[in-house]
Each structure stands twice: as structure tokens, then as C-alpha cells.
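Source file: final_0.cif; contents: mmCIF, C-alpha atoms and all ligand atoms.
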data_query
#
loop_
_atom_site.label_atom_id
_atom_site.label_comp_id
_atom_site.auth_asym_id
_atom_site.auth_seq_id
_atom_site.Cartn_x
_atom_site.Cartn_y
_atom_site.Cartn_z
CA MET A 21 24.83 -37.59 -7.54
CA ALA A 22 21.76 -35.34 -7.51
CA TYR A 23 21.28 -32.62 -4.90
CA ARG A 24 18.24 -33.47 -2.76
CA VAL A 25 15.91 -30.48 -2.69
CA ILE A 26 12.95 -29.43 -0.53
CA GLN A 27 10.52 -26.85 -1.87
CA TRP A 28 9.19 -24.55 0.89
CA GLY A 29 6.08 -22.70 -0.32
CA THR A 30 4.11 -23.29 -3.49
CA GLY A 31 2.97 -19.79 -4.45
CA ALA A 32 3.61 -18.00 -7.73
CA VAL A 33 7.39 -18.35 -7.41
CA GLY A 34 7.39 -21.73 -5.64
CA VAL A 35 5.45 -23.53 -8.37
CA GLU A 36 8.04 -22.39 -10.91
CA THR A 37 11.02 -23.69 -8.90
CA LEU A 38 9.03 -26.86 -8.26
CA ALA A 39 8.18 -27.47 -11.93
CA ALA A 40 11.75 -26.72 -13.02
CA THR A 41 13.16 -29.06 -10.36
CA LEU A 42 11.00 -31.86 -11.72
CA ASP A 43 11.24 -31.15 -15.44
CA ASP A 44 14.49 -29.36 -16.18
CA ARG A 45 17.02 -30.37 -13.55
CA PRO A 46 18.19 -33.99 -13.64
CA ASP A 47 20.83 -32.89 -11.11
CA LEU A 48 18.12 -32.06 -8.53
CA GLU A 49 15.90 -34.58 -6.75
CA LEU A 50 12.73 -33.36 -5.05
CA VAL A 51 12.40 -34.97 -1.59
CA GLY A 52 9.80 -32.79 0.16
CA VAL A 53 7.41 -29.87 -0.13
CA ARG A 54 6.27 -27.56 2.66
CA VAL A 55 2.89 -25.85 2.21
CA TYR A 56 0.83 -23.62 4.48
CA SER A 57 -2.76 -24.17 3.41
CA ASP A 58 -4.77 -27.09 4.79
CA ALA A 59 -6.20 -27.65 1.31
CA LYS A 60 -2.73 -28.55 -0.01
CA ASN A 61 -1.71 -30.63 3.01
CA GLY A 62 -1.21 -34.28 2.02
CA VAL A 63 -1.81 -33.63 -1.67
CA ASP A 64 0.59 -35.25 -4.12
CA VAL A 65 2.91 -32.60 -5.56
CA GLY A 66 2.21 -33.72 -9.12
CA GLU A 67 -1.48 -33.05 -8.53
CA LEU A 68 -0.68 -29.65 -7.05
CA LEU A 69 0.94 -28.83 -10.39
CA GLY A 70 -2.05 -30.21 -12.29
CA ARG A 71 -0.32 -33.36 -13.55
CA ALA A 72 0.10 -37.05 -12.67
CA PRO A 73 1.14 -37.97 -9.10
CA ILE A 74 4.89 -38.17 -8.48
CA GLY A 75 4.89 -39.88 -5.08
CA VAL A 76 5.90 -36.86 -2.97
CA ARG A 77 3.18 -35.34 -0.80
CA ALA A 78 3.07 -31.72 0.34
CA THR A 79 2.89 -31.19 4.07
CA THR A 80 2.16 -28.44 6.58
CA ASP A 81 4.19 -30.35 9.18
CA VAL A 82 7.43 -28.41 9.69
CA GLN A 83 8.98 -31.14 11.83
CA ALA A 84 8.41 -33.69 9.07
CA ILE A 85 10.31 -31.39 6.70
CA LEU A 86 13.12 -30.85 9.22
CA ASP A 87 13.42 -34.63 9.62
CA LEU A 88 14.06 -35.16 5.89
CA GLN A 89 17.57 -35.70 4.57
CA ALA A 90 18.17 -32.94 2.04
CA ASP A 91 20.99 -30.82 0.63
CA CYS A 92 19.05 -27.63 -0.02
CA VAL A 93 15.74 -25.94 0.70
CA VAL A 94 14.25 -23.59 -1.88
CA TYR A 95 12.57 -21.20 0.54
CA THR A 96 9.82 -19.09 -1.08
CA PRO A 97 7.12 -18.35 1.52
CA ARG A 98 5.29 -15.04 1.61
CA VAL A 99 6.75 -14.14 4.99
CA THR A 100 10.07 -15.28 6.41
CA ASN A 101 10.23 -17.14 9.72
CA LEU A 102 13.78 -16.91 11.03
CA ASP A 103 13.24 -19.76 13.51
CA ASP A 104 12.40 -22.09 10.62
CA VAL A 105 15.35 -20.95 8.50
CA CYS A 106 17.76 -21.36 11.43
CA ALA A 107 16.38 -24.85 12.15
CA LEU A 108 16.89 -25.85 8.50
CA LEU A 109 20.45 -24.51 8.42
CA ALA A 110 21.43 -26.00 11.78
CA GLY A 111 20.01 -29.33 10.60
CA GLY A 112 22.44 -29.48 7.67
CA LYS A 113 20.23 -28.08 4.90
CA ASN A 114 21.51 -25.22 2.77
CA VAL A 115 18.91 -22.58 1.91
CA VAL A 116 18.29 -20.50 -1.20
CA THR A 117 15.51 -17.94 -0.92
CA THR A 118 13.67 -15.24 -2.82
CA ALA A 119 12.12 -13.88 0.37
CA PHE A 120 14.94 -12.17 2.30
CA LEU A 121 18.68 -11.94 2.96
CA PHE A 122 19.82 -9.91 0.01
CA HIS A 123 22.72 -8.24 1.85
CA PRO A 124 23.31 -9.98 5.17
CA GLN A 125 26.18 -7.69 6.11
CA ARG A 126 23.62 -4.96 6.81
CA MET A 127 20.84 -6.95 8.45
CA PRO A 128 20.06 -6.52 12.17
CA GLU A 129 23.00 -7.90 14.11
CA HIS A 130 20.97 -10.23 16.28
CA ASP A 131 19.35 -11.92 13.26
CA ARG A 132 22.67 -12.13 11.46
CA ASP A 133 24.36 -13.76 14.44
CA ARG A 134 21.57 -16.30 14.77
CA LEU A 135 21.80 -17.26 11.10
CA LEU A 136 25.59 -17.52 11.19
CA ALA A 137 25.45 -19.70 14.31
CA ALA A 138 22.93 -21.98 12.56
CA CYS A 139 25.17 -22.18 9.46
CA ALA A 140 28.17 -23.02 11.63
CA ALA A 141 26.23 -25.70 13.51
CA GLY A 142 25.00 -27.33 10.29
CA GLY A 143 28.00 -26.64 8.06
CA THR A 144 25.60 -24.91 5.66
CA SER A 145 25.16 -21.69 3.71
CA VAL A 146 22.23 -19.46 2.86
CA HIS A 147 21.66 -17.26 -0.17
CA GLY A 148 18.94 -14.66 -0.91
CA SER A 149 18.33 -13.56 -4.50
CA GLY A 150 15.75 -13.30 -7.26
CA LEU A 151 14.99 -10.78 -9.97
CA ASN A 152 14.75 -7.55 -8.00
CA PRO A 153 15.95 -7.71 -5.29
CA GLY A 154 18.48 -10.03 -6.87
CA ASN A 155 20.04 -10.22 -10.29
CA LEU A 156 18.96 -6.78 -11.52
CA SER A 157 19.88 -4.91 -8.36
CA GLY A 158 23.10 -6.85 -7.70
CA ALA A 159 24.64 -9.02 -10.38
CA LEU A 160 23.79 -6.84 -13.39
CA PRO A 161 25.07 -3.50 -12.02
CA LEU A 162 28.22 -5.16 -10.70
CA ALA A 163 28.82 -6.80 -14.09
CA LEU A 164 28.37 -3.48 -15.96
CA SER A 165 30.58 -1.65 -13.49
CA GLY A 166 33.46 -3.72 -14.86
CA MET A 167 33.43 -1.27 -17.79
CA SER A 168 33.53 1.87 -15.62
CA ARG A 169 36.45 4.21 -15.04
CA ARG A 170 34.46 6.61 -12.82
CA ILE A 171 30.96 6.20 -11.37
CA ASP A 172 29.01 9.31 -10.36
CA LYS A 173 25.69 7.61 -9.72
CA ILE A 174 23.93 4.30 -10.23
CA THR A 175 20.15 4.36 -10.60
CA LEU A 176 17.86 1.38 -10.99
CA GLN A 177 14.26 2.17 -11.84
CA GLU A 178 11.54 -0.47 -11.75
CA ARG A 179 8.30 0.49 -13.47
CA ALA A 180 5.49 -2.03 -13.12
CA ASP A 181 1.74 -2.15 -13.27
CA TRP A 182 0.75 -5.04 -11.03
CA SER A 183 -2.88 -5.32 -12.15
CA ASP A 184 -2.30 -8.67 -13.82
CA TYR A 185 -0.19 -10.10 -11.00
CA ASP A 186 -2.50 -12.79 -9.65
CA SER A 187 -0.87 -12.88 -6.22
CA THR A 188 -3.33 -10.36 -4.76
CA HIS A 189 -2.14 -11.42 -1.31
CA ILE A 190 1.06 -9.61 -2.15
CA THR A 191 -0.46 -6.56 -3.88
CA PHE A 192 -3.40 -5.98 -1.54
CA ASP A 193 -2.58 -7.66 1.78
CA ASN A 194 1.18 -7.12 1.80
CA MET A 195 1.83 -4.05 -0.33
CA SER A 196 -1.35 -2.29 0.89
CA PHE A 197 -2.72 -1.32 -2.52
CA GLY A 198 -6.39 -0.46 -2.02
CA ARG A 199 -5.69 0.93 1.47
CA PRO A 200 -6.04 4.62 2.39
CA VAL A 201 -3.04 6.61 1.12
CA ASN A 202 -2.17 7.79 4.62
CA GLU A 203 -1.50 4.16 5.60
CA ILE A 204 1.39 3.93 3.15
CA GLY A 205 4.69 4.83 4.76
CA VAL A 206 8.20 3.54 5.24
CA GLY A 207 7.26 1.73 8.45
CA THR A 208 3.49 1.92 8.63
CA THR A 209 2.87 -1.82 8.32
CA GLU A 210 5.04 -4.78 9.12
CA PHE A 211 5.30 -5.73 5.45
CA LEU A 212 6.07 -2.23 4.19
CA ALA A 213 8.81 -1.97 6.81
CA PHE A 214 10.13 -5.34 5.67
CA ASN A 215 9.97 -4.31 2.02
CA ASN A 216 11.75 -1.07 2.86
CA GLU A 217 14.50 -3.03 4.57
CA LEU A 218 14.94 -5.31 1.53
CA PHE A 219 15.52 -2.48 -0.91
CA THR A 220 17.62 -0.53 1.58
CA GLU A 221 19.87 -3.59 1.75
CA GLN A 222 20.15 -3.59 -2.05
CA VAL A 223 21.47 -0.05 -2.05
CA TRP A 224 23.97 -0.98 0.67
CA LEU A 225 24.99 -4.08 -1.30
CA LEU A 226 25.92 -2.07 -4.37
CA ALA A 227 27.52 0.71 -2.37
CA ASP A 228 29.57 -1.74 -0.30
CA ALA A 229 30.53 -3.93 -3.25
CA LEU A 230 31.73 -0.86 -5.19
CA GLY A 231 33.42 0.90 -2.28
CA ALA A 232 31.09 3.92 -2.38
CA ASP A 233 31.56 4.57 1.35
CA ILE A 234 28.04 5.99 1.74
CA ASP A 235 26.89 7.48 5.05
CA GLU A 236 23.29 6.33 4.96
CA VAL A 237 20.41 5.10 2.83
CA THR A 238 17.32 7.32 2.92
CA SER A 239 13.85 5.95 2.13
CA SER A 240 10.73 7.74 0.99
CA VAL A 241 7.41 6.78 -0.50
CA GLU A 242 4.66 8.70 -2.23
CA ALA A 243 1.24 7.03 -2.37
CA VAL A 244 -1.20 8.10 -5.08
CA ALA A 245 -4.96 7.57 -4.94
CA ALA A 246 -7.04 5.95 -7.70
CA ARG A 247 -9.42 8.20 -9.63
CA HIS A 248 -11.67 5.27 -10.56
CA ASP A 249 -12.66 1.85 -9.21
CA HIS A 250 -10.72 -1.11 -10.64
CA GLN A 251 -11.61 -4.79 -10.58
CA ILE A 252 -8.38 -6.68 -9.83
CA PHE A 253 -9.13 -10.43 -9.83
CA ASP A 254 -11.48 -10.90 -6.84
CA HIS A 255 -10.66 -7.49 -5.31
CA VAL A 256 -12.12 -4.07 -6.06
CA LEU A 257 -9.55 -1.32 -5.78
CA GLU A 258 -11.79 1.62 -4.89
CA ALA A 259 -11.40 5.18 -6.13
CA GLY A 260 -9.64 7.25 -3.49
CA THR A 261 -7.54 4.35 -2.18
CA THR A 262 -3.90 3.63 -2.97
CA ALA A 263 -3.30 2.81 -6.64
CA GLY A 264 0.29 4.02 -6.98
CA GLN A 265 3.43 3.81 -4.87
CA ARG A 266 6.67 5.53 -5.77
CA TRP A 267 9.51 4.46 -3.53
CA ASN A 268 13.02 5.91 -3.50
CA TRP A 269 15.98 4.45 -1.65
CA VAL A 270 19.05 6.64 -1.92
CA GLY A 271 22.57 5.92 -0.76
CA VAL A 272 24.15 9.24 0.18
CA ARG A 273 27.78 10.24 0.73
CA ASP A 274 28.53 13.77 2.03
CA GLY A 275 24.98 14.76 1.04
CA GLU A 276 25.40 13.48 -2.51
CA PRO A 277 23.17 10.69 -3.90
CA LEU A 278 25.39 7.89 -5.27
CA VAL A 279 23.18 4.81 -5.50
CA GLU A 280 19.42 4.94 -5.99
CA ILE A 281 16.66 2.41 -6.44
CA GLU A 282 13.33 3.83 -7.52
CA THR A 283 10.16 1.77 -7.90
CA LEU A 284 7.16 3.14 -9.81
CA TRP A 285 4.34 0.75 -9.00
CA THR A 286 0.68 0.94 -9.92
CA VAL A 287 -2.37 -1.30 -9.64
CA GLY A 288 -5.14 -0.25 -12.02
CA ASN A 289 -2.63 1.39 -14.38
CA GLU A 290 -3.47 5.02 -13.65
CA TYR A 291 0.04 6.35 -14.16
CA PRO A 292 0.55 9.70 -12.36
CA ASP A 293 1.50 12.58 -14.67
CA HIS A 294 4.23 13.88 -12.39
CA TRP A 295 6.16 10.58 -12.14
CA PRO A 296 9.22 9.89 -14.31
CA ARG A 297 8.46 7.75 -17.35
CA PRO A 298 11.05 5.08 -17.92
CA LYS A 299 9.92 2.16 -20.07
CA HIS A 300 8.04 -0.63 -18.31
CA GLY A 301 10.49 -3.03 -16.73
CA TRP A 302 13.85 -2.13 -15.27
CA THR A 303 16.14 0.65 -16.39
CA LEU A 304 19.67 0.68 -15.05
CA THR A 305 21.67 3.84 -15.51
CA ILE A 306 25.30 4.29 -14.57
CA GLU A 307 26.27 7.94 -14.86
CA GLY A 308 30.03 8.36 -15.06
CA ASP A 309 32.89 7.67 -17.42
CA PRO A 310 31.50 6.13 -19.51
CA SER A 311 27.77 6.65 -18.85
CA MET A 312 25.81 3.48 -19.55
CA GLN A 313 22.17 2.53 -19.65
CA THR A 314 20.41 -0.76 -20.13
CA HIS A 315 16.76 -1.77 -20.05
CA PHE A 316 15.57 -5.17 -18.93
CA PHE A 317 12.19 -6.70 -19.58
CA ALA A 318 11.07 -10.30 -19.10
CA LEU A 319 8.29 -11.64 -21.33
CA ALA A 320 6.97 -15.09 -22.12
CA SER A 321 8.31 -14.66 -25.65
CA PHE A 322 9.54 -11.98 -28.04
CA THR A 323 8.65 -14.10 -31.06
CA ARG A 324 5.28 -15.77 -30.47
CA GLU A 325 1.90 -14.52 -29.30
CA ALA A 326 1.39 -15.00 -25.58
CA THR A 327 -1.36 -14.11 -23.15
CA MET A 328 -0.92 -11.40 -20.53
CA ALA A 329 -0.96 -14.11 -17.84
CA GLU A 330 1.97 -15.84 -19.56
CA HIS A 331 3.91 -12.58 -19.75
CA VAL A 332 3.27 -11.88 -16.06
CA ARG A 333 4.45 -15.37 -15.23
CA ALA A 334 7.78 -14.68 -16.96
CA ALA A 335 8.95 -12.49 -14.07
CA ASN A 336 8.14 -15.29 -11.62
CA VAL A 337 10.11 -17.73 -13.76
CA ALA A 338 13.09 -15.36 -13.77
CA THR A 339 12.88 -14.89 -9.99
CA ALA A 340 12.58 -18.62 -9.44
CA MET A 341 15.39 -19.65 -11.78
CA GLN A 342 17.86 -17.17 -10.31
CA VAL A 343 17.75 -19.06 -6.98
CA LEU A 344 17.23 -22.57 -8.38
CA ASN A 345 20.27 -22.16 -10.64
CA ALA A 346 22.24 -21.15 -7.54
CA VAL A 347 21.55 -24.43 -5.68
CA PRO A 348 24.79 -26.26 -6.65
CA ALA A 349 26.98 -23.20 -5.95
CA VAL A 350 25.30 -22.62 -2.58
CA CYS A 351 25.63 -26.29 -1.62
CA GLU A 352 29.35 -26.11 -2.45
CA ALA A 353 29.95 -22.71 -0.79
CA GLU A 354 31.78 -22.29 2.50
CA PRO A 355 29.39 -22.28 5.49
CA GLY A 356 27.80 -18.89 6.17
CA PHE A 357 26.32 -16.25 3.88
CA ALA A 358 26.57 -16.71 0.12
CA THR A 359 25.74 -13.48 -1.71
CA LEU A 360 25.60 -12.16 -5.25
CA ALA A 361 28.93 -10.50 -4.52
CA THR A 362 30.62 -13.69 -3.23
CA LEU A 363 29.14 -16.50 -5.34
CA PRO A 364 30.42 -17.20 -8.84
CA LEU A 365 28.23 -15.80 -11.61
CA ILE A 366 24.99 -17.80 -11.49
CA ARG A 367 24.20 -19.17 -14.93
CA SER A 368 21.85 -21.66 -16.47
CA HIS A 369 23.42 -25.09 -16.65
CA THR A 370 20.47 -26.72 -18.40
CA GLY A 371 18.88 -23.93 -20.44
CA PHE A 372 20.01 -25.39 -23.78
CA ARG A 373 19.43 -28.97 -22.71
CA ARG A 374 17.70 -31.11 -25.38
CA ARG A 375 14.09 -31.62 -24.35
N1 LIG A 401 13.52 -11.27 -5.05
C1 LIG A 401 12.61 -11.15 -5.99
O1 LIG A 401 12.88 -10.75 -7.10
C2 LIG A 401 11.19 -11.58 -5.70
C3 LIG A 401 10.20 -11.53 -6.71
C4 LIG A 401 8.91 -12.02 -6.42
C5 LIG A 401 8.63 -12.50 -5.15
N2 LIG A 401 9.59 -12.49 -4.19
C6 LIG A 401 9.34 -13.04 -2.85
O2 LIG A 401 9.23 -14.46 -2.97
C7 LIG A 401 8.29 -14.96 -2.02
C8 LIG A 401 7.21 -15.76 -2.72
O3 LIG A 401 6.49 -14.91 -3.60
P1 LIG A 401 5.21 -15.44 -4.38
O4 LIG A 401 4.94 -14.49 -5.48
O5 LIG A 401 5.41 -16.90 -4.69
O6 LIG A 401 4.09 -15.33 -3.26
P2 LIG A 401 2.63 -15.99 -3.24
O7 LIG A 401 2.21 -16.43 -4.60
O8 LIG A 401 1.76 -15.09 -2.46
O9 LIG A 401 2.89 -17.34 -2.42
C9 LIG A 401 2.94 -17.28 -1.08
C10 LIG A 401 3.47 -18.55 -0.45
O10 LIG A 401 3.42 -18.26 0.94
C11 LIG A 401 2.75 -19.30 1.57
N3 LIG A 401 2.06 -18.82 2.77
C12 LIG A 401 0.73 -18.87 3.09
N4 LIG A 401 0.54 -18.41 4.33
C13 LIG A 401 1.75 -18.09 4.81
C14 LIG A 401 2.21 -17.59 6.06
N5 LIG A 401 1.38 -17.33 7.06
N6 LIG A 401 3.53 -17.36 6.21
C15 LIG A 401 4.41 -17.60 5.21
N7 LIG A 401 4.03 -18.08 4.01
C16 LIG A 401 2.71 -18.33 3.82
C17 LIG A 401 1.82 -19.93 0.55
O11 LIG A 401 1.59 -21.26 0.98
P3 LIG A 401 1.01 -22.45 0.10
O12 LIG A 401 2.20 -23.15 -0.47
O13 LIG A 401 0.22 -23.30 1.05
O14 LIG A 401 0.14 -21.84 -0.96
C18 LIG A 401 2.66 -19.80 -0.70
O15 LIG A 401 3.57 -20.85 -0.78
C19 LIG A 401 7.75 -13.73 -1.28
O16 LIG A 401 8.50 -13.57 -0.09
C20 LIG A 401 8.04 -12.57 -2.23
O17 LIG A 401 8.21 -11.34 -1.56
C21 LIG A 401 10.86 -12.05 -4.45
#
Output the file's structure as C-alpha cells, nothing else.
Ligand SMILES: NC(=O)c1ccc[n+]([C@@H]2O[C@H](COP(=O)([O-])OP(=O)(O)OC[C@H]3O[C@@H](n4cnc5c(N)ncnc54)[C@H](OP(=O)(O)O)[C@@H]3O)[C@@H](O)[C@H]2O)c1
Amino acid sequence: MAYRVIQWGTGAVGVETLAATLDDRPDLELVGVRVYSDAKNGVDVGELLGRAPIGVRATTDVQAILDLQADCVVYTPRVTNLDDVCALLAGGKNVVTTAFLFHPQRMPEHDRDRLLAACAAGGTSVHGSGLNPGNLSGALPLALSGMSRRIDKITLQERADWSDYDSTHITFDNMSFGRPVNEIGVGTTEFLAFNNELFTEQVWLLADALGADIDEVTSSVEAVAARHDHQIFDHVLEAGTTAGQRWNWVGVRDGEPLVEIETLWTVGNEYPDHWPRPKHGWTLTIEGDPSMQTHFFALASFTREATMAEHVRAANVATAMQVLNAVPAVCEAEPGFATLATLPLIRSHTGFRRR
């Protein structure tokens, strides 16, 4: 029997989970879609994806979504609403999400208790994952650590120029690119504080899963101003405003850095001379015995020509598939939190399917 799935949010990630649910997953049945914009309200989901109608209409009506019978909600909104997530869980719907909950053990106690109570009431589980935070900051380092005798330090660096990322809501409105540099700080906006929390949790996840016994995770950010104006889709990123953000989250034990996530982000691709220069993508380094390094990069293809837009989309596909592929495992998990450290290895069950 197929798992009945609701898609919550149809942004860059949501359209990928949606399309894959319809096209690639005979074991998943789409029963509802939650949208936010009035323009999408009532529109057939097939039409939202630019294809023939499928008989399921998107809705902005949360109660209508809560009233549906479903096994799992693929929750990919821009901003998390804990009331909504708790209502879904308490109503018997499991949740997989790219938006939050990457290491629930370390989330604020009040929020954690609310989520656990909702899971207990509904007999459900909830799982946060994706690309990074997600596979690259959790599953991959844990998998490599299986070859370690001694670990001195784990470092994950993410280098990305976001100029071609068409979700300018995220780059400009959320991440504050194009804002004055003095507005960029660990807690200066609600979203930056939220983002800081997400990556802090990732450091704790690795440290806890590997028994590093760290004392704290420190956070810092350096914002760098653009030297020139840049046209980024319908936004102008003006010279003098934020065009680079270098974030460091460091898990420290007895003053020694043991686990670090560093992000080197630009919009406009003016790469600061004084920043480290890993290759674009993600570089994972485990210093120890043995010392290991691996570089990850997601593209539309390594063998055929593809447009920049297709390449950019590849990271959204990876993010989306990491949670969509987790749906059966999360539906079968014990009620409560399902994490990268507790779930079985999430793999593609249909990747090689004949099409
Ligand atoms: N873990 C990872 O690796 C990873 C990677 C990328 C993104 N993410 C996260 O995944 C989520 C989706 O990312 P995305 O790239 O798909 O974002 P996006 O393209 O900006 O899509 C945003 C979604 O949010 C909805 N939205 C509109 N107004 C909203 C509001 N007031 N509150 C909440 N949601 C609202 C939109 O509704 P409509 O459906 O009406 O358009 C759309 O579905 C974000 O939380 C992002 O941070 C995680």
C-alpha cells in the first residue's frame, strides 16, 4: 500500500519533492498540497508544475490540510511554524522536513517537549534533514568516521556563490545579502539567529554522535561588502552592501576546536582575497589517524551540457530527495524524533527504476 503524502510548501525544494512524488515514487500517493500565496490557492497541482491537471488542488487552508488522512507531510516552507508542525504530528501525520530539526536533542527544551508531546499524542515521528544541514553535515561524516582510529578535528567547509540561486527571498530577505554589513551578526535578525541555531545544532550532532564531549559551540560571522553593483534576478545588490558572509561554528573541548562548520557564501561572486579557498561545493576533512578528505559537488550532469539554472537546481533536488527518500523509514520509526544518527542509512529505492 502506498504512503499517503502531503506536500507543504511549493518553493524551490517543494516542487522537487512534489515532482518526484508524482513521477518517481509509485509507493507514494499525493493527497494534498499546502501553499502560502493566494495566486496558487485552488490551482491544480499539475498546473502548478506546468503540466496537465492531476485532480489535487493546492490550498492555503491549513485546517483543510489537517483534516486530510495522510501518513506523512513533506514540510518545506521558508519559515517553520511549530504550532502547525505540532498539529500535524498530533493528528497522526509523520513529518519530514528540510526546514528545521536537525538535532532535536539540543533544541530549546520547551519546543522539544511540545514536539515530543505531539508525537506521543499522534503516534508519529518527525525528521529534519537535507543536503547541508543534512546528509553532508551528518550522514557523510559519520559514515567516514567508521574508518577512523583517532579523530583530532572534523571540518566541513561549504563554498557557494548564490548569484544564480533564484530564491532571492532566501538570499536577500532571509540571509540579508544586500543589507548593510553591520546588520549581519549571529543574532541580528530573526532568520540569521535561526540559521545560526541550525548550524550550531549540526556541530552538536556530530560531536554528540562521536562522543566528542565538547563544552560549547561558538559562532562567528564576517560580512564583506561588494565593490560593485550586481544585478541578481530582480534585485540590485549595491556596492557597499553585504556580498559575502563567512560563518564559523566551532565545537570546543578544553579550549580546543574539535568540530567545525565553515560556510563561505557570496552573492555577486566577489570572492574575498583573505578567505580560505576550498573548491566550490563541500569539503569534508577529518584530521586524525588516518586523515581523510572528500569533496562533494552536485551538478545536473557530469557528462552532458547543462545550463547554470539546471546545475543550481541539482542542489535543490539533492536536498529534496534526502527527505523524500526518508518517508518510509520515518513512517515506520518509533514515535518521537528520527534523526540521521538514529534512522537507517537513507538510500534511493527507485533511482535505478526503469522509466
Ligand atoms: N537542509 C538543507 O540542506 C536545505 C537546503 C535548501 C533549503 N532548505 C530549507 O528548505 C526550506 C524551503 O527552501 P526553498 O529553497 O524551497 O525556499 P523557497 O523557494 O523560498 O520557497 C519558500 C516556500 O515557503 C512558502 N512561504 C511563503 N510565505 C511563507 C511564510 N510566510 N511562511 C512560511 N513559508 C512561506 C512558499 O509558499 P508557496 O508554496 O505559496 O510558494 C514556498 O513554498 C527552507 O526552510 C530552507 O531554509 C534546507
Quiz item: Residues within 6 Å of ligand LIG 401 (chain A) (only C-alpha atoms and all ligand atoms), as an NGL selection string?
Solution: :A and (29-34 or 55-57 or 96-99 or 118-119 or 149-154 or 187 or 189-190 or 339)
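Each of A:Pro124, A:Gly198, A:Gly143, A:Gly264 was checked against A:Trp224 using only C-alpha atoms; the smallest atom-to-atom distance is that of A:Pro124.
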Just want the 9 Å neighbourhood of stretch 256-258 of chain A, counted on only C-alpha atoms, with same-chain residues fewer than 2 positions away dropped. Output as a PDB file with C-alpha atoms, in the frame of the given file.
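Just written: around02.pdb:
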ATOM      1  CA  PHE A 192      -3.400  -5.980  -1.540  1.00  0.00           C
ATOM      2  CA  PHE A 197      -2.720  -1.320  -2.520  1.00  0.00           C
ATOM      3  CA  GLY A 198      -6.390  -0.460  -2.020  1.00  0.00           C
ATOM      4  CA  ARG A 199      -5.690   0.930   1.470  1.00  0.00           C
ATOM      5  CA  ALA A 246      -7.040   5.950  -7.700  1.00  0.00           C
ATOM      6  CA  ARG A 247      -9.420   8.200  -9.630  1.00  0.00           C
ATOM      7  CA  HIS A 248     -11.670   5.270 -10.560  1.00  0.00           C
ATOM      8  CA  ASP A 249     -12.660   1.850  -9.210  1.00  0.00           C
ATOM      9  CA  HIS A 250     -10.720  -1.110 -10.640  1.00  0.00           C
ATOM     10  CA  GLN A 251     -11.610  -4.790 -10.580  1.00  0.00           C
ATOM     11  CA  ILE A 252      -8.380  -6.680  -9.830  1.00  0.00           C
ATOM     12  CA  PHE A 253      -9.130 -10.430  -9.830  1.00  0.00           C
ATOM     13  CA  ASP A 254     -11.480 -10.900  -6.840  1.00  0.00           C
ATOM     14  CA  GLY A 260      -9.640   7.250  -3.490  1.00  0.00           C
ATOM     15  CA  THR A 261      -7.540   4.350  -2.180  1.00  0.00           C
ATOM     16  CA  THR A 262      -3.900   3.630  -2.970  1.00  0.00           C
ATOM     17  CA  ALA A 263      -3.300   2.810  -6.640  1.00  0.00           C
ATOM     18  CA  VAL A 287      -2.370  -1.300  -9.640  1.00  0.00           C
ATOM     19  CA  GLY A 288      -5.140  -0.250 -12.020  1.00  0.00           C
TER      20      GLY A 288
END
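The interatomic distance for the pair atom CA of A:Ala340 and atom CA of A:His255 works out to 26.1 Å.
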Exercise. Would you mind listing what lies within 7 Å of A:Gly301 as a PyMOL selection string, with all atoms listed in the file counted and same-chain residues fewer than 4 positions away left out?
Key: chain A and resi 178-180+316-317
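Look at A:Ala40: the protein and nucleic acid residues within 12 Å of it, using all atoms listed in the file and passing over chain neighbours fewer than 6 places away, are Val25, Gln27, Val33, Gly34, Pro46, Asp47, Leu48, Glu49, Leu50, Leu69, Val94, Val337, Ala338, Ala340, Met341, Gln342, Val343, Leu344, Asn345, Ser368, Thr370 and Gly371 of chain A.
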Quiz item: Which residues come within 7 Å of stretch 133-140 of chain A, counting only C-alpha atoms, excluding same-chain residues fewer than 2 positions away, as JSON, numbers by chain?
Solution: {"A": [106, 109, 110, 129, 130, 131, 142, 143, 144, 145, 355, 356]}
Practice problem: Have a look at atom CA of A:Glu352 and atom CA of A:Ser157 and let me know their distance in Å, one decimal. | Solution: 24.0 Å
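Among A:Ile204, A:Ala335, A:Ala326, A:Met21, the residue with the shortest atom-to-atom distance to A:Ala245, counting all atoms listed in the file, is A:Ile204.
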Practice problem: Measuring atom to atom with only C-alpha atoms, identify which of A:Ala107, A:Val76, A:Ala318, A:Leu284 is nearest to A:Val63. | Solution: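 Smallest separation from A:Val63 among the options: A:Val76.
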Practice problem: For atom CA of A:Gln265 and atom CA of A:Val244, determine how far apart the two atoms are, in Å to one decimal place. | Solution: 6.3 Å
Quiz item: Closest to A:Asp186 among A:Val51, A:Val82, A:Val115, A:Met328, using all atoms listed in the file?
Solution: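 Checking each candidate against A:Asp186, we get A:Met328 as the closest.
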Student task, stretch 71-83 of chain A output with N, CA and C atoms as a short mmCIF file (atom, residue, chain, number, x, y, z; two decimals), in the first residue's frame:
data_model
loop_
_atom_site.label_atom_id
_atom_site.label_comp_id
_atom_site.auth_asym_id
_atom_site.auth_seq_id
_atom_site.Cartn_x
_atom_site.Cartn_y
_atom_site.Cartn_z
N ARG A 71 2.14 21.26 -16.00
CA ARG A 71 1.74 20.07 -16.76
C ARG A 71 0.23 19.88 -16.65
N ALA A 72 -0.27 18.74 -17.11
CA ALA A 72 -1.72 18.51 -17.12
C ALA A 72 -2.24 18.40 -15.68
N PRO A 73 -3.52 18.76 -15.47
CA PRO A 73 -4.10 18.65 -14.12
C PRO A 73 -4.06 17.21 -13.61
N ILE A 74 -3.91 17.08 -12.28
CA ILE A 74 -3.86 15.73 -11.69
C ILE A 74 -5.03 15.49 -10.73
N GLY A 75 -5.85 16.52 -10.51
CA GLY A 75 -7.02 16.33 -9.65
C GLY A 75 -6.77 16.62 -8.18
N VAL A 76 -5.61 17.16 -7.84
CA VAL A 76 -5.35 17.60 -6.46
C VAL A 76 -5.11 19.10 -6.52
N ARG A 77 -5.86 19.85 -5.70
CA ARG A 77 -5.71 21.30 -5.74
C ARG A 77 -4.90 21.79 -4.53
N ALA A 78 -4.02 22.75 -4.77
CA ALA A 78 -3.26 23.36 -3.68
C ALA A 78 -4.19 24.24 -2.86
N THR A 79 -3.88 24.36 -1.58
CA THR A 79 -4.74 25.18 -0.73
C THR A 79 -3.92 25.97 0.30
N THR A 80 -4.45 27.14 0.65
CA THR A 80 -3.85 27.92 1.75
C THR A 80 -4.54 27.61 3.08
N ASP A 81 -5.55 26.74 3.03
CA ASP A 81 -6.38 26.45 4.19
C ASP A 81 -5.71 25.36 5.05
N VAL A 82 -5.11 25.76 6.15
CA VAL A 82 -4.38 24.81 6.99
C VAL A 82 -5.33 23.76 7.57
N GLN A 83 -6.53 24.20 7.96
CA GLN A 83 -7.46 23.23 8.55
C GLN A 83 -7.83 22.14 7.54
#
